[in-house]
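Data block for upload.cif (mmCIF, C-alpha atoms (C1' of nucleotides)):
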data_work
#
loop_
_atom_site.label_atom_id
_atom_site.label_comp_id
_atom_site.auth_asym_id
_atom_site.auth_seq_id
_atom_site.Cartn_x
_atom_site.Cartn_y
_atom_site.Cartn_z
CA MET A 322 0.00 0.00 0.00
CA SER A 323 2.78 2.39 0.81
CA LEU A 324 4.15 1.18 -2.49
CA TYR A 325 1.96 3.86 -4.00
CA LEU A 326 3.92 6.46 -2.12
CA ARG A 327 7.25 5.27 -3.41
CA GLU A 328 6.15 4.81 -7.00
CA LEU A 329 4.50 8.21 -7.16
CA GLN A 330 7.48 9.84 -5.55
CA THR A 331 9.91 8.43 -8.07
CA ARG A 332 7.62 9.41 -10.90
CA LEU A 333 7.42 12.92 -9.55
CA GLU A 334 11.19 13.07 -9.29
CA ASP A 335 11.37 11.94 -12.90
CA GLY A 336 9.50 15.09 -13.76
CA GLN A 337 6.16 13.47 -14.49
CA GLU A 338 3.01 15.33 -13.53
CA ARG A 339 0.21 12.93 -14.33
CA VAL A 340 -0.31 9.17 -14.42
CA SER A 341 -3.10 7.04 -15.69
CA SER A 342 -4.35 4.13 -13.65
CA ARG A 343 -3.16 1.83 -16.40
CA ALA A 344 0.41 3.07 -16.24
CA LEU A 345 0.50 2.92 -12.46
CA GLY A 346 -0.91 -0.55 -12.50
CA ALA A 347 1.74 -1.75 -14.90
CA SER A 348 4.48 -0.45 -12.61
CA LEU A 349 3.01 -1.96 -9.49
CA GLY A 350 1.78 -5.19 -10.93
CA LEU A 351 -1.90 -4.42 -10.46
CA THR A 352 -4.81 -3.93 -12.80
CA ASP A 353 -6.01 -0.47 -13.69
CA ALA A 354 -9.34 -1.11 -12.04
CA GLN A 355 -7.60 -1.99 -8.81
CA ILE A 356 -5.71 1.29 -8.84
CA ARG A 357 -8.86 3.30 -9.39
CA LYS A 358 -10.68 1.49 -6.60
CA ASP A 359 -7.86 2.16 -4.19
CA LEU A 360 -7.44 5.80 -5.04
CA ALA A 361 -11.17 6.41 -5.08
CA LEU A 362 -11.17 5.30 -1.45
CA PHE A 363 -9.14 8.35 -0.61
CA GLY A 364 -11.52 10.64 -2.40
CA SER A 365 -11.86 11.28 -6.08
CA LEU A 366 -8.68 12.80 -7.34
CA GLY A 367 -8.49 11.82 -10.96
CA GLN A 368 -9.62 13.83 -13.91
CA PRO A 369 -11.45 11.69 -16.49
CA GLY A 370 -9.55 11.76 -19.70
CA ARG A 371 -6.42 13.12 -18.11
CA GLY A 372 -5.40 10.78 -15.32
CA TYR A 373 -4.19 11.60 -11.83
CA GLN A 374 -2.23 14.68 -10.83
CA ILE A 375 0.66 13.03 -9.03
CA ILE A 376 1.37 15.83 -6.61
CA ASP A 377 -2.23 15.95 -5.44
CA VAL A 378 -2.46 12.22 -4.87
CA LEU A 379 0.79 12.26 -2.92
CA LYS A 380 -0.44 15.06 -0.73
CA ARG A 381 -3.68 13.27 -0.04
CA LEU A 382 -1.99 9.93 0.64
CA ARG A 383 0.42 11.41 3.14
CA GLN A 384 -2.44 13.16 4.86
CA MET A 385 -4.58 10.05 4.98
CA MET A 386 -1.82 7.90 6.41
CA GLY A 387 -0.86 10.34 9.07
CA ARG A 388 2.37 10.63 7.20
CA ASP A 389 2.29 14.37 7.04
CA GLN A 390 3.84 14.45 10.45
CA SER A 391 6.97 12.72 11.63
CA TRP A 392 6.79 9.55 13.73
CA PRO A 393 9.31 9.21 16.54
CA VAL A 394 10.76 5.71 16.72
CA VAL A 395 12.98 3.78 19.12
CA VAL A 396 15.24 0.93 18.07
CA VAL A 397 16.06 -1.84 20.53
CA GLY A 398 18.88 -4.27 19.85
CA ILE A 399 21.96 -3.00 18.13
CA GLY A 400 23.32 -6.04 16.36
CA ASN A 401 23.89 -6.15 12.63
CA ILE A 402 20.29 -5.53 11.76
CA GLY A 403 19.91 -2.80 14.33
CA ARG A 404 22.91 -1.03 12.85
CA ALA A 405 21.50 -1.44 9.37
CA ILE A 406 18.25 0.15 10.49
CA THR A 407 19.82 3.07 12.29
CA SER A 408 22.11 3.88 9.39
CA TYR A 409 19.34 3.57 6.84
CA GLY A 410 18.93 7.17 5.80
CA GLN A 411 15.71 6.56 3.95
CA PHE A 412 13.69 6.39 7.13
CA LYS A 413 14.08 10.03 7.88
CA THR A 414 12.98 11.10 4.43
CA GLU A 415 9.95 8.87 4.79
CA GLY A 416 8.86 10.57 7.97
CA PHE A 417 10.34 8.36 10.67
CA ASP A 418 12.64 9.89 13.25
CA ILE A 419 14.81 7.61 15.35
CA VAL A 420 14.89 9.27 18.74
CA GLY A 421 16.77 6.57 20.63
CA VAL A 422 18.70 3.33 20.19
CA PHE A 423 19.03 0.82 23.01
CA ASP A 424 20.73 -2.42 23.86
CA ILE A 425 20.85 -4.71 26.83
CA ASP A 426 24.52 -5.59 26.40
CA PRO A 427 26.74 -3.38 28.58
CA LYS A 428 29.53 -3.80 26.06
CA VAL A 429 27.43 -2.15 23.40
CA VAL A 430 25.90 0.55 25.57
CA GLY A 431 27.85 3.75 25.17
CA THR A 432 29.22 2.90 21.73
CA LYS A 433 27.95 4.73 18.71
CA SER A 434 25.80 3.43 15.87
CA ALA A 435 25.42 5.70 12.88
CA GLY A 436 26.30 8.64 15.05
CA ARG A 437 23.86 7.78 17.80
CA VAL A 438 24.94 6.76 21.27
CA VAL A 439 23.51 3.41 22.28
CA ARG A 440 21.74 3.69 25.60
CA SER A 441 20.88 1.23 28.30
CA MET A 442 17.47 -0.33 28.62
CA ALA A 443 17.04 1.59 31.84
CA ASP A 444 16.55 4.74 29.79
CA LEU A 445 14.01 3.20 27.46
CA ARG A 446 10.85 4.15 29.25
CA ALA A 447 11.90 7.73 29.85
CA THR A 448 12.73 8.23 26.19
CA ILE A 449 9.44 6.76 25.04
CA VAL A 450 7.47 8.91 27.41
CA GLU A 451 9.46 12.04 26.69
CA HIS A 452 9.09 11.88 22.91
CA ASP A 453 5.65 10.32 22.99
CA VAL A 454 7.00 7.42 20.94
CA ARG A 455 4.39 5.11 19.50
CA LEU A 456 6.52 2.91 17.23
CA GLY A 457 9.32 0.58 18.24
CA VAL A 458 11.70 -1.49 16.14
CA MET A 459 12.96 -4.68 17.77
CA THR A 460 16.07 -6.41 16.49
CA VAL A 461 16.80 -8.62 19.44
CA PRO A 462 17.40 -12.35 19.84
CA LYS A 463 14.45 -14.66 19.89
CA ALA A 464 14.80 -15.34 23.60
CA SER A 465 14.33 -11.75 24.72
CA ALA A 466 11.81 -10.70 22.09
CA GLN A 467 8.67 -11.06 24.16
CA ASP A 468 10.29 -9.46 27.18
CA VAL A 469 11.44 -6.42 25.24
CA ALA A 470 8.05 -6.16 23.57
CA ASP A 471 6.38 -6.09 26.95
CA GLN A 472 8.67 -3.30 28.10
CA LEU A 473 7.94 -1.26 24.99
CA ILE A 474 4.22 -1.72 25.36
CA ALA A 475 4.30 -0.94 29.05
CA ALA A 476 6.01 2.35 28.24
CA GLY A 477 3.34 3.32 25.74
CA VAL A 478 4.42 1.94 22.37
CA VAL A 479 1.46 0.77 20.29
CA GLY A 480 3.23 -0.55 17.18
CA ILE A 481 6.20 -2.90 16.99
CA LEU A 482 8.27 -3.87 13.98
CA ASN A 483 9.71 -7.21 15.03
CA PHE A 484 12.74 -8.81 13.41
CA ALA A 485 13.01 -11.73 15.83
CA PRO A 486 11.95 -15.10 14.42
CA LYS A 487 9.26 -15.41 17.02
CA ARG A 488 5.58 -14.62 17.19
CA ILE A 489 4.99 -11.82 19.67
CA THR A 490 1.76 -11.64 21.59
CA ALA A 491 0.38 -8.24 22.39
CA PRO A 492 -2.81 -6.92 23.93
CA PRO A 493 -5.51 -5.61 21.60
CA GLY A 494 -4.78 -2.13 20.42
CA VAL A 495 -1.12 -2.90 19.85
CA SER A 496 -0.06 -3.70 16.27
CA ILE A 497 2.78 -6.05 15.42
CA VAL A 498 4.47 -6.37 12.05
CA SER A 499 7.08 -9.07 11.75
CA VAL A 500 9.96 -9.40 9.32
CA ASP A 501 11.55 -12.81 9.29
CA PHE A 502 14.41 -13.47 6.92
CA THR A 503 14.09 -17.22 7.17
CA VAL A 504 10.42 -17.14 6.35
CA SER A 505 11.10 -14.88 3.37
CA LEU A 506 13.80 -17.19 2.09
CA GLU A 507 11.54 -20.16 2.52
CA GLN A 508 8.77 -18.40 0.64
CA LEU A 509 11.22 -17.80 -2.15
CA ALA A 510 12.44 -21.39 -2.14
CA PHE A 511 8.85 -22.54 -2.24
CA GLN A 512 8.02 -20.33 -5.20
CA VAL A 513 11.07 -21.55 -7.06
CA TRP A 514 10.17 -25.09 -6.26
CA LEU A 515 6.62 -24.51 -7.48
CA ALA A 516 7.85 -22.95 -10.69
CA GLY A 517 10.16 -25.86 -11.24
CA ASN A 518 7.56 -28.55 -10.63
CA PHE A 519 4.49 -26.97 -12.16
CA GLU A 520 5.92 -24.93 -14.97
CA ASP A 521 2.88 -25.84 -17.02
CA GLY A 522 0.73 -23.82 -14.64
CA THR A 523 -1.33 -26.81 -13.52
CA LYS A 524 -2.02 -24.89 -10.32
CA MET B 30 3.21 -20.93 5.35
CA SER B 31 6.64 -21.97 6.46
CA LEU B 32 5.38 -20.85 9.83
CA TYR B 33 3.99 -24.34 10.10
CA LEU B 34 7.51 -25.70 9.91
CA ARG B 35 8.76 -23.54 12.74
CA GLU B 36 5.79 -24.11 15.00
CA LEU B 37 5.83 -27.86 14.52
CA GLN B 38 9.56 -27.99 15.06
CA THR B 39 9.38 -26.18 18.37
CA ARG B 40 6.51 -28.39 19.48
CA LEU B 41 8.50 -31.47 18.59
CA GLU B 42 11.47 -30.14 20.53
CA ASP B 43 9.16 -29.63 23.47
CA GLY B 44 8.56 -33.35 23.41
CA GLN B 45 5.05 -33.22 21.97
CA GLU B 46 3.98 -35.94 19.56
CA ARG B 47 0.55 -34.91 18.40
CA VAL B 48 -1.36 -31.68 17.85
CA SER B 49 -4.95 -30.96 17.07
CA SER B 50 -5.88 -28.43 14.44
CA ARG B 51 -7.43 -26.33 17.16
CA ALA B 52 -4.22 -26.13 19.18
CA LEU B 53 -2.12 -25.35 16.12
CA GLY B 54 -4.54 -22.68 15.06
CA ALA B 55 -4.38 -21.01 18.44
CA SER B 56 -0.60 -20.81 18.20
CA LEU B 57 -0.55 -19.47 14.69
CA GLY B 58 -3.55 -17.21 14.90
CA LEU B 59 -5.68 -19.21 12.50
CA THR B 60 -8.92 -21.13 12.82
CA ASP B 61 -8.95 -24.88 13.16
CA ALA B 62 -10.72 -25.26 9.84
CA GLN B 63 -7.97 -23.29 8.14
CA ILE B 64 -5.32 -25.60 9.50
CA ARG B 65 -7.15 -28.67 8.34
CA LYS B 66 -7.66 -27.26 4.85
CA ASP B 67 -3.98 -26.46 4.55
CA LEU B 68 -2.72 -29.76 5.82
CA ALA B 69 -5.23 -31.70 3.78
CA LEU B 70 -3.67 -30.11 0.71
CA PHE B 71 -0.52 -32.03 1.44
CA GLY B 72 -2.38 -35.29 1.73
CA SER B 73 -4.38 -36.60 4.62
CA LEU B 74 -2.13 -36.97 7.60
CA GLY B 75 -4.40 -36.58 10.57
CA GLN B 76 -6.08 -39.30 12.53
CA PRO B 77 -9.67 -38.41 13.39
CA GLY B 78 -10.05 -38.26 17.11
CA ARG B 79 -6.33 -38.10 17.72
CA GLY B 80 -4.98 -35.15 15.79
CA TYR B 81 -1.83 -34.92 13.72
CA GLN B 82 1.37 -36.87 14.32
CA ILE B 83 3.85 -34.02 14.34
CA ILE B 84 6.81 -35.95 13.04
CA ASP B 85 4.86 -37.19 10.03
CA VAL B 86 3.55 -33.79 9.09
CA LEU B 87 7.03 -32.31 9.35
CA LYS B 88 8.45 -35.00 7.12
CA ARG B 89 5.75 -34.44 4.55
CA LEU B 90 6.08 -30.67 4.65
CA ARG B 91 9.81 -30.76 4.12
CA GLN B 92 9.36 -33.16 1.29
CA MET B 93 6.65 -31.07 -0.34
CA MET B 94 8.64 -27.90 -0.13
CA GLY B 95 11.81 -29.38 -1.46
CA ARG B 96 13.21 -28.69 1.96
CA ASP B 97 14.53 -32.19 2.45
CA GLN B 98 17.63 -31.17 0.59
CA SER B 99 19.88 -28.21 1.21
CA TRP B 100 19.69 -25.13 -1.00
CA PRO B 101 22.95 -23.44 -1.91
CA VAL B 102 22.70 -19.66 -1.69
CA VAL B 103 24.87 -16.71 -2.64
CA VAL B 104 24.77 -13.35 -0.87
CA VAL B 105 25.63 -10.19 -2.78
CA GLY B 106 26.29 -6.95 -0.95
CA ILE B 107 28.07 -7.09 2.37
CA GLY B 108 26.83 -4.02 4.17
CA ASN B 109 25.12 -4.19 7.50
CA ILE B 110 22.27 -6.31 6.27
CA GLY B 111 24.54 -8.61 4.33
CA ARG B 112 26.56 -9.21 7.45
CA ALA B 113 23.42 -9.85 9.43
CA ILE B 114 22.35 -12.45 6.89
CA THR B 115 25.68 -14.22 6.69
CA SER B 116 26.01 -14.42 10.44
CA TYR B 117 22.46 -15.59 10.93
CA GLY B 118 23.03 -19.17 12.02
CA GLN B 119 19.41 -20.15 11.64
CA PHE B 120 19.68 -20.39 7.87
CA LYS B 121 21.87 -23.45 7.96
CA THR B 122 19.56 -25.32 10.27
CA GLU B 123 16.67 -24.45 7.98
CA GLY B 124 18.35 -26.01 4.99
CA PHE B 125 20.04 -23.05 3.35
CA ASP B 126 23.77 -23.17 2.75
CA ILE B 127 25.61 -19.95 1.97
CA VAL B 128 28.25 -20.96 -0.54
CA GLY B 129 29.58 -17.53 -1.37
CA VAL B 130 29.42 -13.88 -0.34
CA PHE B 131 30.23 -11.08 -2.79
CA ASP B 132 30.64 -7.34 -2.94
CA ILE B 133 31.45 -4.81 -5.57
CA ASP B 134 33.52 -2.61 -3.27
CA PRO B 135 37.25 -3.42 -3.51
CA LYS B 136 37.67 -2.24 0.05
CA VAL B 137 35.32 -4.96 1.26
CA VAL B 138 36.53 -7.73 -1.02
CA GLY B 139 39.00 -9.90 0.82
CA THR B 140 37.70 -9.05 4.27
CA LYS B 141 35.82 -11.62 6.26
CA SER B 142 32.16 -11.68 7.19
CA ALA B 143 31.10 -14.26 9.73
CA GLY B 144 34.14 -16.31 8.84
CA ARG B 145 33.58 -16.14 5.11
CA VAL B 146 35.91 -14.33 2.75
CA VAL B 147 34.10 -11.73 0.67
CA ARG B 148 34.82 -12.24 -2.99
CA SER B 149 34.73 -10.00 -5.99
CA MET B 150 31.81 -9.91 -8.38
CA ALA B 151 34.08 -11.40 -11.00
CA ASP B 152 33.85 -14.71 -9.19
CA LEU B 153 30.08 -14.65 -8.93
CA ARG B 154 29.20 -16.52 -12.06
CA ALA B 155 31.73 -19.28 -11.50
CA THR B 156 30.47 -19.90 -7.97
CA ILE B 157 26.86 -20.04 -9.08
CA VAL B 158 27.63 -22.47 -11.84
CA GLU B 159 29.92 -24.60 -9.72
CA HIS B 160 27.46 -25.09 -6.87
CA ASP B 161 24.39 -25.06 -9.08
CA VAL B 162 23.05 -22.15 -7.03
CA ARG B 163 19.42 -21.29 -7.63
CA LEU B 164 18.81 -18.77 -4.85
CA GLY B 165 20.45 -15.38 -4.41
CA VAL B 166 20.16 -12.84 -1.61
CA MET B 167 20.70 -9.23 -2.66
CA THR B 168 21.53 -6.60 -0.06
CA VAL B 169 22.81 -3.90 -2.35
CA PRO B 170 21.97 -0.22 -2.83
CA LYS B 171 18.95 0.71 -4.84
CA ALA B 172 21.03 1.95 -7.75
CA SER B 173 22.76 -1.35 -8.46
CA ALA B 174 19.88 -3.66 -7.60
CA GLN B 175 18.64 -4.31 -11.12
CA ASP B 176 22.15 -4.71 -12.44
CA VAL B 177 23.11 -7.28 -9.82
CA ALA B 178 19.84 -9.09 -10.33
CA ASP B 179 20.56 -9.37 -14.03
CA GLN B 180 23.98 -10.83 -13.30
CA LEU B 181 22.52 -13.37 -10.91
CA ILE B 182 19.86 -14.40 -13.38
CA ALA B 183 22.32 -14.61 -16.25
CA ALA B 184 24.41 -17.00 -14.19
CA GLY B 185 21.48 -19.28 -13.54
CA VAL B 186 19.80 -18.04 -10.36
CA VAL B 187 16.00 -18.44 -10.49
CA GLY B 188 15.01 -16.95 -7.14
CA ILE B 189 16.10 -13.66 -5.60
CA LEU B 190 15.52 -12.35 -2.10
CA ASN B 191 15.79 -8.61 -2.57
CA PHE B 192 16.43 -6.15 0.24
CA ALA B 193 16.82 -3.10 -1.94
CA PRO B 194 13.92 -0.64 -1.83
CA LYS B 195 13.29 -1.10 -5.50
CA ARG B 196 11.05 -3.28 -7.61
CA ILE B 197 13.15 -5.71 -9.61
CA THR B 198 11.98 -6.90 -12.97
CA ALA B 199 12.79 -10.42 -13.97
CA PRO B 200 11.88 -12.70 -16.84
CA PRO B 201 9.15 -15.28 -16.30
CA GLY B 202 10.43 -18.31 -14.49
CA VAL B 203 12.41 -16.21 -12.05
CA SER B 204 10.86 -15.53 -8.65
CA ILE B 205 11.47 -12.39 -6.66
CA VAL B 206 10.67 -11.87 -3.00
CA SER B 207 11.30 -8.42 -1.62
CA VAL B 208 11.88 -7.31 1.94
CA ASP B 209 11.67 -3.58 2.41
CA PHE B 210 12.12 -2.14 5.87
CA THR B 211 10.52 1.15 4.99
CA VAL B 212 7.45 -0.50 3.60
CA SER B 213 7.16 -2.65 6.71
CA LEU B 214 7.47 0.36 8.96
CA GLU B 215 4.89 2.20 6.94
CA GLN B 216 2.53 -0.74 7.15
CA LEU B 217 2.96 -0.64 10.88
CA ALA B 218 2.43 3.09 11.07
CA PHE B 219 -0.69 2.70 8.98
CA GLN B 220 -2.08 -0.01 11.23
CA VAL B 221 -1.40 2.09 14.27
CA TRP B 222 -3.01 5.04 12.64
CA LEU B 223 -6.04 2.95 11.72
CA ALA B 224 -6.33 1.59 15.24
CA GLY B 225 -6.14 5.11 16.61
CA ASN B 226 -8.74 6.59 14.30
CA PHE B 227 -11.22 3.75 14.03
CA GLU B 228 -10.94 2.10 17.40
CA ASP B 229 -14.67 1.58 17.33
CA GLY B 230 -14.20 -0.82 14.44
CA THR B 231 -16.25 1.28 12.02
CA LYS B 232 -14.17 -0.29 9.26
"C1'" DC C 1259 -16.69 -38.38 22.43
"C1'" DC C 1260 -12.93 -36.11 19.94
"C1'" DA C 1261 -10.98 -34.52 15.89
"C1'" DT C 1262 -10.39 -35.01 10.83
"C1'" DG C 1263 -11.67 -34.07 5.98
"C1'" DT C 1264 -14.68 -31.81 2.98
"C1'" DG C 1265 -18.89 -30.02 0.61
"C1'" DA C 1266 -21.69 -25.79 1.22
"C1'" DA C 1267 -22.11 -21.07 2.58
"C1'" DT C 1268 -20.26 -16.79 3.45
"C1'" DG C 1269 -17.62 -12.62 2.85
"C1'" DG C 1270 -14.21 -9.73 0.82
"C1'" DA C 1271 -11.55 -8.41 -2.68
"C1'" DT C 1272 -10.54 -8.27 -7.58
"C1'" DT C 1273 -12.08 -7.71 -12.19
"C1'" DC C 1274 -15.55 -6.36 -15.72
"C1'" DA C 1275 -17.97 -3.18 -18.01
"C1'" DC C 1276 -19.94 0.98 -18.84
"C1'" DA C 1277 -21.84 5.64 -18.04
"C1'" DG C 1278 -20.00 10.18 -17.91
"C1'" DC C 1279 -16.56 13.86 -18.08
"C1'" DT C 1280 -12.70 16.41 -20.75
"C1'" DA D 222 -10.72 9.36 -28.16
"C1'" DG D 223 -8.80 8.77 -23.37
"C1'" DC D 224 -9.58 7.87 -18.68
"C1'" DT D 225 -12.09 8.09 -14.30
"C1'" DG D 226 -15.55 6.36 -10.82
"C1'" DT D 227 -18.56 2.80 -9.70
"C1'" DG D 228 -22.32 -0.72 -9.73
"C1'" DA D 229 -22.52 -5.71 -11.13
"C1'" DA D 230 -20.39 -9.98 -11.74
"C1'" DT D 231 -16.77 -13.03 -10.53
"C1'" DC D 232 -13.36 -15.19 -8.17
"C1'" DC D 233 -10.82 -16.79 -4.15
"C1'" DA D 234 -10.13 -17.72 0.60
"C1'" DT D 235 -11.89 -18.42 4.93
"C1'" DT D 236 -15.42 -20.27 7.83
"C1'" DC D 237 -19.37 -23.33 8.93
"C1'" DA D 238 -21.21 -27.52 9.64
"C1'" DC D 239 -21.52 -32.19 9.39
"C1'" DA D 240 -20.74 -36.93 8.10
"C1'" DT D 241 -17.21 -40.22 9.17
"C1'" DG D 242 -13.52 -42.63 11.53
"C1'" DG D 243 -10.80 -43.80 15.80
#
Spit out the file's structure as structure tokens when you get a sec.
Amino acid sequence: MSLYLRELQTRLEDGQERVSSRALGASLGLTDAQIRKDLALFGSLGQPGRGYQIIDVLKRLRQMMGRDQSWPVVVVGIGNIGRAITSYGQFKTEGFDIVGVFDIDPKVVGTKSAGRVVRSMADLRATIVEHDVRLGVMTVPKASAQDVADQLIAAGVVGILNFAPKRITAPPGVSIVSVDFTVSLEQLAFQVWLAGNFEDGTK
Amino acid sequence: MSLYLRELQTRLEDGQERVSSRALGASLGLTDAQIRKDLALFGSLGQPGRGYQIIDVLKRLRQMMGRDQSWPVVVVGIGNIGRAITSYGQFKTEGFDIVGVFDIDPKVVGTKSAGRVVRSMADLRATIVEHDVRLGVMTVPKASAQDVADQLIAAGVVGILNFAPKRITAPPGVSIVSVDFTVSLEQLAFQVWLAGNFEDGTK
DNA sequence: CCATGTGAATGGATTCACAGCT
DNA sequence: AGCTGTGAATCCATTCACATGG
């Protein structure tokens, strides 16, 4: 869904002003009807015969998704993935502001990651409360995932992006999105296997 | 889908022998009917009144997904994410074997990542051919993503796990699975936003 | 009695198709 | 003509419900 944002942004940067639903669909792998349905949900923005004014749709999308303001974010767990996240410049341009990075390991606490000082878990709650943080990114080992999640939630976080290969349970009202490399790889392997064994398309 | 694998594995390690569809569903957040439909697809494995014999289902699943053999994998792009991937021990136990790691940067080539020597792109094709590699993991910048993908495909790779924030185009017969941190975060932000604005459930 | 496998029903999302605007 | 917005039709996945087997 936020794929719309990216695609429209790149098109705008390419100097384009308008798109038709057909063209957008081709880029995103959807049908033109699907595009129109989706965009119509956000209010009618297209001009029949002319297509969509990219800048207007972008503005509306950002507004609708609460993306017109910046979201403060904390990152817990500064291993390889944590470092990748904190040094990933794109987040800031997409409206996410990392206001604190934390780790449980005393050897890591105090070091820097992408220019940010890693702080101890003891400071977590204060930071969350101070910046009114609602989103947390967790890149911690499987064993501590649920524990860290509980701490985040207790401090007021209502959305967690979880990189641990473990299902996190959370009370209603708290959203969890998980990214699991192994699962992704297995999905890929499965697709490849499917393609190899049913190349005729026999479902 | 490969979530079944993980869940069943942990249950087996816990010393359990059988599960009912209801219990499995509770763990995975699905209904019991859903579980039965899925498993029935792989052939009837459950005993009415007793549930599923975990070890049998696992065996069948691995077989079905081509997961009874090991998949050789190459990793291209040894930045933070690349390092995270190569040092992620879980892959090996899940049947994926990293047979080569590569980078375009001469400063990185020759260094070690998780005990593996990073090699130059010039060696990529030979490695793929030699090990009959069909899966590639790409953790490269947006700008070189398509180029690297083309190289992988030209050498014989038919499945790519892409971490670059860019849609990769590939000829039919080649599968692409993309992992995009920004998109995941945005999904999360959107869910949180939804929960905050429609807590009454007014769709 | 417990739990599977599966046809039937349900619901949601995708696609079709077309009226209407430019 | 080109393209949007939207009801109608269609498809797909999930859920229900029940007959059947241990």
Next on the checklist: Once the PyMOL selection byres ((chain D) within 8 of (chain B)) is applied to the coordinates I shared, what remains selected? I want it as a ChimeraX atom specification.
Outcome noted: /D:235-236,242-243
Export, as a short mmCIF file (atom, residue, chain, number, x, y, z; two decimals), in the frame of the given file, the selected residues with C-alpha atoms (C1' of nucleotides).
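What follows is the written file again-v2.cif:
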data_model
loop_
_atom_site.label_atom_id
_atom_site.label_comp_id
_atom_site.auth_asym_id
_atom_site.auth_seq_id
_atom_site.Cartn_x
_atom_site.Cartn_y
_atom_site.Cartn_z
"C1'" DT D 235 -11.89 -18.42 4.93
"C1'" DT D 236 -15.42 -20.27 7.83
"C1'" DG D 242 -13.52 -42.63 11.53
"C1'" DG D 243 -10.80 -43.80 15.80
#
Checklist entry - Using only C-alpha atoms (C1' of nucleotides), which of B:Ala155, B:Val137, B:Ile64, B:Ala193 sits nearest chain C? => result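 Between B:Ala155, B:Val137, B:Ile64, B:Ala193, the residue approaching chain C most closely is B:Ile64.
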List every residue of chain A that has an atom at most 7 Å from any atom of chain B, giving for each one its closest atom pair and the distance in Å to one decimal, counting all atoms listed in the file, sorted by chain and then by ascending residue number, as CSV.
residue,atom,partner,partner_atom,distance
A:Ser323,CA,B:Val212,CA,6.2
A:Met386,CA,B:Phe219,CA,5.9
A:Gly387,CA,B:Trp222,CA,6.7
A:Asn401,CA,B:Ala113,CA,4.9
A:Ile402,CA,B:Ala113,CA,5.8
A:Arg404,CA,B:Asn109,CA,6.6
A:Ala405,CA,B:Asn109,CA,4.9
A:Phe412,CA,B:Thr211,CA,6.5
A:Val479,CA,B:Val221,CA,6.8
A:Gly480,CA,B:Val221,CA,6.1
A:Leu482,CA,B:Leu214,CA,6.6
A:Gly494,CA,B:Ala224,CA,6.6
A:Ser496,CA,B:Val221,CA,6.3
A:Val498,CA,B:Leu217,CA,6.0
A:Thr503,CA,B:Phe120,CA,6.5
A:Val504,CA,B:Ser31,CA,6.1
A:Leu506,CA,B:Leu190,CA,6.6
A:Glu507,CA,B:Ser31,CA,6.5
A:Leu509,CA,B:Val206,CA,6.0
A:Phe511,CA,B:Met94,CA,5.8
A:Gln512,CA,B:Ser204,CA,6.6
A:Val513,CA,B:Gly188,CA,6.1
A:Trp514,CA,B:Gly95,CA,6.6
A:Ala516,CA,B:Gly202,CA,6.5
Expand the PyMOL selection byres ((chain D and resi 240) around 10) into the individual residues it matches in the shown file, reporting them as an mmCIF file with C-alpha atoms (C1' of nucleotides), in the frame of the given file.
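result-v7.cif written:
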data_model
loop_
_atom_site.group_PDB
_atom_site.id
_atom_site.type_symbol
_atom_site.label_atom_id
_atom_site.label_comp_id
_atom_site.auth_asym_id
_atom_site.auth_seq_id
_atom_site.Cartn_x
_atom_site.Cartn_y
_atom_site.Cartn_z
ATOM 1 C "C1'" DG C 1263 -11.670 -34.070 5.980
ATOM 2 C "C1'" DT C 1264 -14.680 -31.810 2.980
ATOM 3 C "C1'" DA D 238 -21.210 -27.520 9.640
ATOM 4 C "C1'" DC D 239 -21.520 -32.190 9.390
ATOM 5 C "C1'" DT D 241 -17.210 -40.220 9.170
ATOM 6 C "C1'" DG D 242 -13.520 -42.630 11.530
#
Checklist entry - When the PyMOL selection byres ((chain B and resi 73) around 12) is applied to the file above, which residues end up in the set, as a ChimeraX atom specification? => result /B:65-72,74-77,80-82,85-86,89 /C:1262-1264
For the interface of chain C with chain A (cut-off 12 Å, counting all atoms listed in the file), please tabulate each contacting residue of chain C alongside its nearest pair of atoms and their separation in Å to one decimal, rows sorted by chain and increasing number, as JSON lines.
{"residue": "C:DA1271", "atom": "C1'", "partner": "A:Gln355", "partner_atom": "CA", "distance": 9.7}
{"residue": "C:DT1272", "atom": "C1'", "partner": "A:Gln355", "partner_atom": "CA", "distance": 7.0}
{"residue": "C:DT1273", "atom": "C1'", "partner": "A:Ala354", "partner_atom": "CA", "distance": 7.1}
{"residue": "C:DC1274", "atom": "C1'", "partner": "A:Ala354", "partner_atom": "CA", "distance": 8.9}
{"residue": "C:DA1275", "atom": "C1'", "partner": "A:Ala354", "partner_atom": "CA", "distance": 10.7}
{"residue": "C:DG1278", "atom": "C1'", "partner": "A:Pro369", "partner_atom": "CA", "distance": 8.8}
{"residue": "C:DC1279", "atom": "C1'", "partner": "A:Pro369", "partner_atom": "CA", "distance": 5.8}
{"residue": "C:DT1280", "atom": "C1'", "partner": "A:Gly370", "partner_atom": "CA", "distance": 5.7}
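Here CA of Arg40 in chain B and CA of Leu90 in chain B stand 15.0 Å from one another.
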Next on the checklist: If I take CA of Thr122 in chain B and CA of Ile489 in chain A, how far is one from the other in Å, to one decimal?
Outcome noted: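 Interatomic distance, CA of Thr122 in chain B to CA of Ile489 in chain A: 22.0 Å.
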Item to check | Atom-to-atom span, CA of Ile127 in chain B and CA of His160 in chain B, Å | outcome: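 It comes out at 10.4 Å.
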Range 1270-1273 of chain C: axis-aligned bounding box, 5 Å on each side, centre and edge lengths in Å, one decimal, as JSON:
{"center_x": -12.4, "center_y": -8.7, "center_z": -5.7, "size_x": 13.7, "size_y": 12.0, "size_z": 23.0}
